[in-house]
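Working notes, structure below.
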Amino acid sequence: MNIWQFKEEISSLVQKYKPHVDFFAIRLERSQGVDIFLRSGKVETLSTGISIGGQVRACHRGGWGFASFNDLHSLEAKLQEAIAAAKWVGNEETELAVVEPVQAKVSLIKENPHQIELIDKKNLCAHYTDILRSVSDRVVSTAVRYGDCTQQVVFATSEGTMIEQEWADWELRCSAIARDGETIQTGRETFGSRMAYRDLLNLDQQVIGAAQRAVSALDLPTVQGNTYTVVIDPILAGLFVHEAFGHLSEADMLYENPDMLETMSIGRRFGSTDLQIFDGAATADHRGSYIYDDEGVPATTTQLIADGVLVGRLHSRETAGKLGETVTGNARCLDYHYPPIVRMTNTWIGRGQTSVVDLFNDIPLGVYAKNWQGGMTNGEMFTFTAGEAWMIRNGKIAEPVKDVTLSGNAFETLQDIEAIGNDFAWDESGGCGKGGQSGLAVGCGSPSLRIKNAIVGGNAHG
């Protein structure tokens with residue numbers, strides 16, 4: 001089914017129903033994708049699919065109504081339902097930041113994944129599986145997952161916006177589990193792209209590295225838990241800025257929580273004058289990049305921290321309206337099943353001026369951590385597990401260690417950043433989760449960081 005054919009009906013519905021409600025938006029979507037999963041060489045999933053559906057959101061006197069559907073011919077009935085629901089719950093004032101209506105047709109598809117044969121994608125997964133298994137007979141299990149998709153969206157509002165937008169996305173996840181008796185270790189690599197299938201090719205060395213890390217960690221000592229000065233690489237630093245700080249910048253978490261809003265007050269100092277943090281979809285060709293968000297707001301770049309001071313936050317039209325701030329184009333939904341909420345796009349720490357080798361200077365005993373295995377946050381508290389790590393002794397990288405977790409308070413940790421490297425790297429592997437919408441494509445970037453007073457978990461220090 002061609003969703004573009006409904007544009008005239010949408011325009012007619014806008015004219016018919018806009019007098020009856022403060023605001024409404026219509027989104028029709030067509031998604032097509034592939035999902036392949038090999039566990040230890042066995043194909044567990046090999047599927048292709050097309051999903052067509054839509055959503056309508058209506059707002060009246062501050063109350064929202066929402067409906068999603070698969071039968072596009074029920075569009076008018078679902079719009080009536082959403083308007084009725086908004087009127088049932090609305091009893092305040094609709095506060096949406098003003099944006100200029102947009103008429104646009106844009107495509108971010110630089111290569112169509114559906115032009116690649118399915119057998120080639122399956123063979124790619126098998127190739128990376130063979131690489132993982134070839135590293136050592138102590139690799140007891142492997143997992144390779146490939147996914148691609150395209151999304152085509154028609155978006156319209158009662159204010160006169162009409163946008164046609166499409167994009168493509170690729171993701172590849174590879175992991176190996178190594179075992180020696182009761183000791184088990186995991187190594188992983190994840191890759192993502194909004195550009196081309198070829199970005200997932202020729203990754204043999206990175207995939208080998210995942211299995212080698214799992215095997216090597218079997219014989220490594222566990223780090224002694226303590227408080228250390230740590231140096232973290234750009235990939236782990238990118239995860240930190242996204243998880244530990246970026247979510248706190250999403251304004252829907254703030255206007256609903258007065259205490260956190262006070263904590264995240266504009267003008268508060270969070271770090272040294274060298275610290276710059278940004279988020280923005282206007283940075284082209286990353287996995288969190290787009291032209292218009294899911295409210296039809298043009299993509300921007302928002303500086304969140306300037307010279308160590310909080311200067312901005314991320315907004316939907318509603319949060320910007322309620323807080324009296326400028327809209328930033330950060331309203332996103334995973335697909336038509338969900339309403340858009342405030343989400344990060346590409347989040348990064350600005351490049352510093354300290355050479356990477358100098359980040360280690362004068363550290364008598366510390367930890368150098370790279371990559372990431374996983375992590376969790378709870379408000380301003382975080383815990384991350386490094387993919388690999390070494391001790392730092394007398395300013396030099398020393399012996400490797402395993403089971404390195406970094407924990408702390410995001411605000412205190414930002415204050416404890418002692419130096420920011422002059423290197424920089426993007427991590428395109430992110431799939432962000434919030435509000436039940438997991439796997440939203442994002443980008444993270446950072447230089448290497450040196451952080452004092454970091455809590456490193458491992459064995460109890462004896």
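Labels used: A, B, ... for chains in the order of the structure tokens, numbers from 1 for residues in each chain, and numbers from 1 for ligands as shown.
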
Exercise: His60 in chain A partners within 6 Å, only C-alpha atoms, chain neighbours under 3 positions left out, as number ranges by chain = A: 21-22, 63, 86-87, 90

Backbone-only DSSP, strand (DSSP E or B) members of range 274-417 of chain A, as a PyMOL selection string = chain A and resi 277-280+292+298+301-306+309-310+314+331-332+341-342+346-349+354+365-370+374-378+381-385+388-393+396-402+405-409+417

message = If we count only C-alpha atoms and set the cut-off at 12 Å, which residues sit around Ser407 in chain A, ignoring sequence neighbours fewer than 3 positions away in its own chain? Please answer as a PyMOL selection string.
response = chain A and resi 225-228+230+240+244+375-378+380-386+404+410+412-413+451+453-458

Check which residues of range 85-121 of chain A sit at most 12 Å from range 283-303 of chain A using only C-alpha atoms, and return one row each with the closest pair of atoms and their distance in Å to one decimal, ordered by chain and rising number, as a tab-separated table.
```
residue	atom	partner	partner_atom	distance
A:Leu96	CA	A:Glu295	CA	11.0
A:Ala97	CA	A:Val297	CA	10.3
A:Val98	CA	A:Val297	CA	9.9
A:Val99	CA	A:Val297	CA	7.0
A:Glu100	CA	A:Val297	CA	8.4
A:Pro101	CA	A:Gly296	CA	8.1
A:Val102	CA	A:Gly296	CA	7.2
A:Gln103	CA	A:Gly296	CA	9.5
A:Ala104	CA	A:Tyr292	CA	9.4
A:Lys105	CA	A:Ile291	CA	10.0
A:Val106	CA	A:Ile291	CA	7.6
A:Ser107	CA	A:Ile291	CA	8.9
A:Leu108	CA	A:Tyr290	CA	7.6
A:Ile109	CA	A:Asp285	CA	10.3
A:Lys110	CA	A:Asp285	CA	9.8
```

Can those selected residues be exported to a file as an mmCIF file, in the first residue's frame so that it contains N, CA and C atoms?
```cif
data_model
loop_
_atom_site.group_PDB
_atom_site.id
_atom_site.type_symbol
_atom_site.label_atom_id
_atom_site.label_comp_id
_atom_site.auth_asym_id
_atom_site.auth_seq_id
_atom_site.Cartn_x
_atom_site.Cartn_y
_atom_site.Cartn_z
ATOM 1 N N LEU A 96 1.616 24.785 23.735
ATOM 2 C CA LEU A 96 2.541 24.234 22.750
ATOM 3 C C LEU A 96 3.392 25.368 22.192
ATOM 4 N N ALA A 97 4.703 25.159 22.161
ATOM 5 C CA ALA A 97 5.569 26.165 21.564
ATOM 6 C C ALA A 97 5.182 26.373 20.104
ATOM 7 N N VAL A 98 5.197 27.616 19.685
ATOM 8 C CA VAL A 98 4.791 27.956 18.326
ATOM 9 C C VAL A 98 5.899 27.576 17.339
ATOM 10 N N VAL A 99 5.506 26.890 16.261
ATOM 11 C CA VAL A 99 6.432 26.596 15.170
ATOM 12 C C VAL A 99 5.750 26.956 13.861
ATOM 13 N N GLU A 100 6.551 27.312 12.873
ATOM 14 C CA GLU A 100 6.007 27.646 11.563
ATOM 15 C C GLU A 100 5.580 26.367 10.844
ATOM 16 N N PRO A 101 4.406 26.352 10.243
ATOM 17 C CA PRO A 101 3.997 25.173 9.464
ATOM 18 C C PRO A 101 5.001 24.894 8.346
ATOM 19 N N VAL A 102 5.203 23.591 8.067
ATOM 20 C CA VAL A 102 6.199 23.162 7.095
ATOM 21 C C VAL A 102 5.523 22.348 6.002
ATOM 22 N N GLN A 103 5.893 22.600 4.763
ATOM 23 C CA GLN A 103 5.514 21.773 3.620
ATOM 24 C C GLN A 103 6.818 21.240 3.032
ATOM 25 N N ALA A 104 7.053 19.923 3.162
ATOM 26 C CA ALA A 104 8.356 19.403 2.746
ATOM 27 C C ALA A 104 8.259 17.939 2.350
ATOM 28 N N LYS A 105 9.166 17.542 1.484
ATOM 29 C CA LYS A 105 9.357 16.145 1.107
ATOM 30 C C LYS A 105 10.850 15.877 1.114
ATOM 31 N N VAL A 106 11.303 14.997 2.010
ATOM 32 C CA VAL A 106 12.740 14.766 2.174
ATOM 33 C C VAL A 106 13.014 13.270 2.249
ATOM 34 N N SER A 107 14.177 12.877 1.761
ATOM 35 C CA SER A 107 14.624 11.485 1.841
ATOM 36 C C SER A 107 16.048 11.450 2.363
ATOM 37 N N LEU A 108 16.282 10.602 3.371
ATOM 38 C CA LEU A 108 17.623 10.386 3.910
ATOM 39 C C LEU A 108 18.178 9.039 3.472
ATOM 40 N N ILE A 109 17.515 8.376 2.532
ATOM 41 C CA ILE A 109 17.960 7.057 2.079
ATOM 42 C C ILE A 109 19.063 7.239 1.037
ATOM 43 N N LYS A 110 20.278 6.812 1.395
ATOM 44 C CA LYS A 110 21.405 6.886 0.472
ATOM 45 C C LYS A 110 21.666 5.540 -0.194
#
```

query = Which neighbours of Val140 in chain A fall inside 12 Å, counting only C-alpha atoms, when residues of the same chain fewer than 3 positions from it are skipped, and could you give them as a VMD selection string?
reply = chain A and resid 39 to 41 129 132 to 137 143 175 to 181 183 to 186 211 214 to 215

ask   = Restricting the calculation to only C-alpha atoms, which member of A:Leu236, A:Ala210, A:Cys59, A:Val231 is positioned closest to Thr157 in chain A?
value = A:Cys59

Which of A:Thr142, A:Asp335, A:Ile277, A:Trp88 sits closest to Ser51 in chain A [using only C-alpha atoms] =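 Looking only at the distances to Ser51 in chain A, the closest residue turns out to be A:Asp335.
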
request  = Would you work out the distance separating CA of Ile83 in chain A from CA of Pro339 in chain A, expressed in Å to one decimal?
outcome  = 14.7 Å

ask   = Which neighbours of Arg30 in chain A fall inside 7 Å, counting only C-alpha atoms, when residues of the same chain fewer than 2 positions from it are skipped, and could you give them as a list in words?
value = Ile3, Gln32, Ser51, Ile52, Gly53, Gln151, Gln152 and Val153 of chain A

Grab the residues selected above and save them as a tab-separated table (two decimals), in the first residue's frame with C-alpha atoms.
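out_6.tsv was written with the following content:
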```
chain	number	residue	atom	x	y	z
A	3	ILE	CA	0.78	5.80	2.10
A	32	GLN	CA	9.95	-2.65	5.80
A	51	SER	CA	4.24	-2.91	8.60
A	52	ILE	CA	1.70	-0.26	7.65
A	53	GLY	CA	-0.22	1.83	10.14
A	151	GLN	CA	10.55	3.91	7.23
A	152	GLN	CA	8.34	6.16	5.12
A	153	VAL	CA	6.22	8.67	6.99
```

task = Return the single residue from A:Gln165, A:Asn330, A:Asn91, A:Ser193 that is closest to Glu29 in chain A, with distances computed using only C-alpha atoms.
result = A:Gln165

query = Which is closer to Arg27 in chain A than all the others in A:Val357, A:Val43, A:Cys333, A:Leu365, using only C-alpha atoms?
reply = A:Cys333

remark   = If you count only C-alpha atoms, the residue of A:Val139, A:Val89, A:Val367, A:Ile163 closest to Ile26 in chain A turns out to be A:Ile163

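The two atoms in question, CA of Gly62 in chain A and CA of Ile341 in chain A, are spaced 15.6 Å apart.
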
ask   = Taking into account only C-alpha atoms, which residue in the set A:Leu239, A:Ala156, A:Cys444, A:Leu323 is nearest to Lys18 in chain A?
value = A:Ala156

request  = From range 223-280 of chain A, collect each residue whose DSSP state is alpha helix (DSSP H) and return the set as an NGL selection string.
outcome  = :A and (234-240 or 252-255 or 258-263)

key: 8 Å contact set for Val144 in chain A, only C-alpha atoms, chain neighbours under 4 positions out, as an MDAnalysis selection string   = chainID A and resid 37:39 125 128:129 172:175

Save the residues we just selected, N, CA and C atoms, as a PDB file, in the first residue's frame?
```pdb
ATOM      1  N   PHE A  37      18.976 -13.734  12.971  1.00  0.00           N
ATOM      2  CA  PHE A  37      19.656 -14.046  14.225  1.00  0.00           C
ATOM      3  C   PHE A  37      20.237 -15.449  14.154  1.00  0.00           C
ATOM      4  N   LEU A  38      21.556 -15.537  14.324  1.00  0.00           N
ATOM      5  CA  LEU A  38      22.256 -16.810  14.372  1.00  0.00           C
ATOM      6  C   LEU A  38      22.838 -16.991  15.767  1.00  0.00           C
ATOM      7  N   ARG A  39      22.480 -18.086  16.426  1.00  0.00           N
ATOM      8  CA  ARG A  39      23.061 -18.437  17.725  1.00  0.00           C
ATOM      9  C   ARG A  39      23.941 -19.670  17.540  1.00  0.00           C
ATOM     10  N   CYS A 125      26.117 -12.799   8.292  1.00  0.00           N
ATOM     11  CA  CYS A 125      25.997 -13.252   9.685  1.00  0.00           C
ATOM     12  C   CYS A 125      26.769 -14.551   9.896  1.00  0.00           C
ATOM     13  N   TYR A 128      30.557 -13.789  10.128  1.00  0.00           N
ATOM     14  CA  TYR A 128      30.990 -13.272  11.421  1.00  0.00           C
ATOM     15  C   TYR A 128      30.866 -14.333  12.519  1.00  0.00           C
ATOM     16  N   THR A 129      29.906 -15.234  12.396  1.00  0.00           N
ATOM     17  CA  THR A 129      29.810 -16.343  13.337  1.00  0.00           C
ATOM     18  C   THR A 129      31.053 -17.217  13.261  1.00  0.00           C
ATOM     19  N   LEU A 172      24.135  -4.255  13.378  1.00  0.00           N
ATOM     20  CA  LEU A 172      24.732  -5.588  13.490  1.00  0.00           C
ATOM     21  C   LEU A 172      25.296  -5.745  14.892  1.00  0.00           C
ATOM     22  N   ARG A 173      24.935  -6.853  15.547  1.00  0.00           N
ATOM     23  CA  ARG A 173      25.419  -7.122  16.903  1.00  0.00           C
ATOM     24  C   ARG A 173      26.107  -8.488  16.927  1.00  0.00           C
ATOM     25  N   CYS A 174      27.328  -8.515  17.426  1.00  0.00           N
ATOM     26  CA  CYS A 174      28.117  -9.747  17.499  1.00  0.00           C
ATOM     27  C   CYS A 174      28.620  -9.947  18.927  1.00  0.00           C
ATOM     28  N   SER A 175      28.498 -11.164  19.429  1.00  0.00           N
ATOM     29  CA  SER A 175      29.002 -11.433  20.780  1.00  0.00           C
ATOM     30  C   SER A 175      29.490 -12.867  20.876  1.00  0.00           C
TER      31      SER A 175
END
```

request  = Extract, using only C-alpha atoms, all DNA, RNA and protein residues at most 6 Å from Leu304 in chain A, discarding same-chain residues fewer than 6 positions from it, and format them as JSON, numbers by chain.
outcome  = {"A": [277, 278, 310, 311, 312, 313]}

Store the residues of this selection in a file with N, CA, C and O atoms, as an mmCIF file, in the first residue's frame.
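The resulting part_8.cif:
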```cif
data_model
loop_
_atom_site.group_PDB
_atom_site.id
_atom_site.type_symbol
_atom_site.label_atom_id
_atom_site.label_comp_id
_atom_site.auth_asym_id
_atom_site.auth_seq_id
_atom_site.Cartn_x
_atom_site.Cartn_y
_atom_site.Cartn_z
ATOM 1 N N ILE A 277 28.825 20.160 26.198
ATOM 2 C CA ILE A 277 27.986 19.012 25.849
ATOM 3 C C ILE A 277 26.881 19.482 24.910
ATOM 4 O O ILE A 277 26.267 20.538 25.127
ATOM 5 N N PHE A 278 26.620 18.675 23.885
ATOM 6 C CA PHE A 278 25.659 19.014 22.843
ATOM 7 C C PHE A 278 24.732 17.833 22.565
ATOM 8 O O PHE A 278 25.065 16.686 22.840
ATOM 9 N N LEU A 310 25.152 24.736 32.733
ATOM 10 C CA LEU A 310 23.951 24.274 32.040
ATOM 11 C C LEU A 310 23.283 25.444 31.329
ATOM 12 O O LEU A 310 22.911 26.435 31.950
ATOM 13 N N VAL A 311 23.118 25.307 30.008
ATOM 14 C CA VAL A 311 22.552 26.409 29.222
ATOM 15 C C VAL A 311 21.350 25.978 28.384
ATOM 16 O O VAL A 311 20.692 26.828 27.779
ATOM 17 N N GLY A 312 21.040 24.690 28.351
ATOM 18 C CA GLY A 312 19.926 24.257 27.518
ATOM 19 C C GLY A 312 19.409 22.905 27.925
ATOM 20 O O GLY A 312 20.020 22.196 28.733
ATOM 21 N N ARG A 313 18.254 22.562 27.377
ATOM 22 C CA ARG A 313 17.686 21.232 27.566
ATOM 23 C C ARG A 313 16.882 20.861 26.336
ATOM 24 O O ARG A 313 16.657 21.683 25.440
#
```

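For the pair CA of His247 in chain A and CA of Trp167 in chain A, the separation is 24.5 Å.
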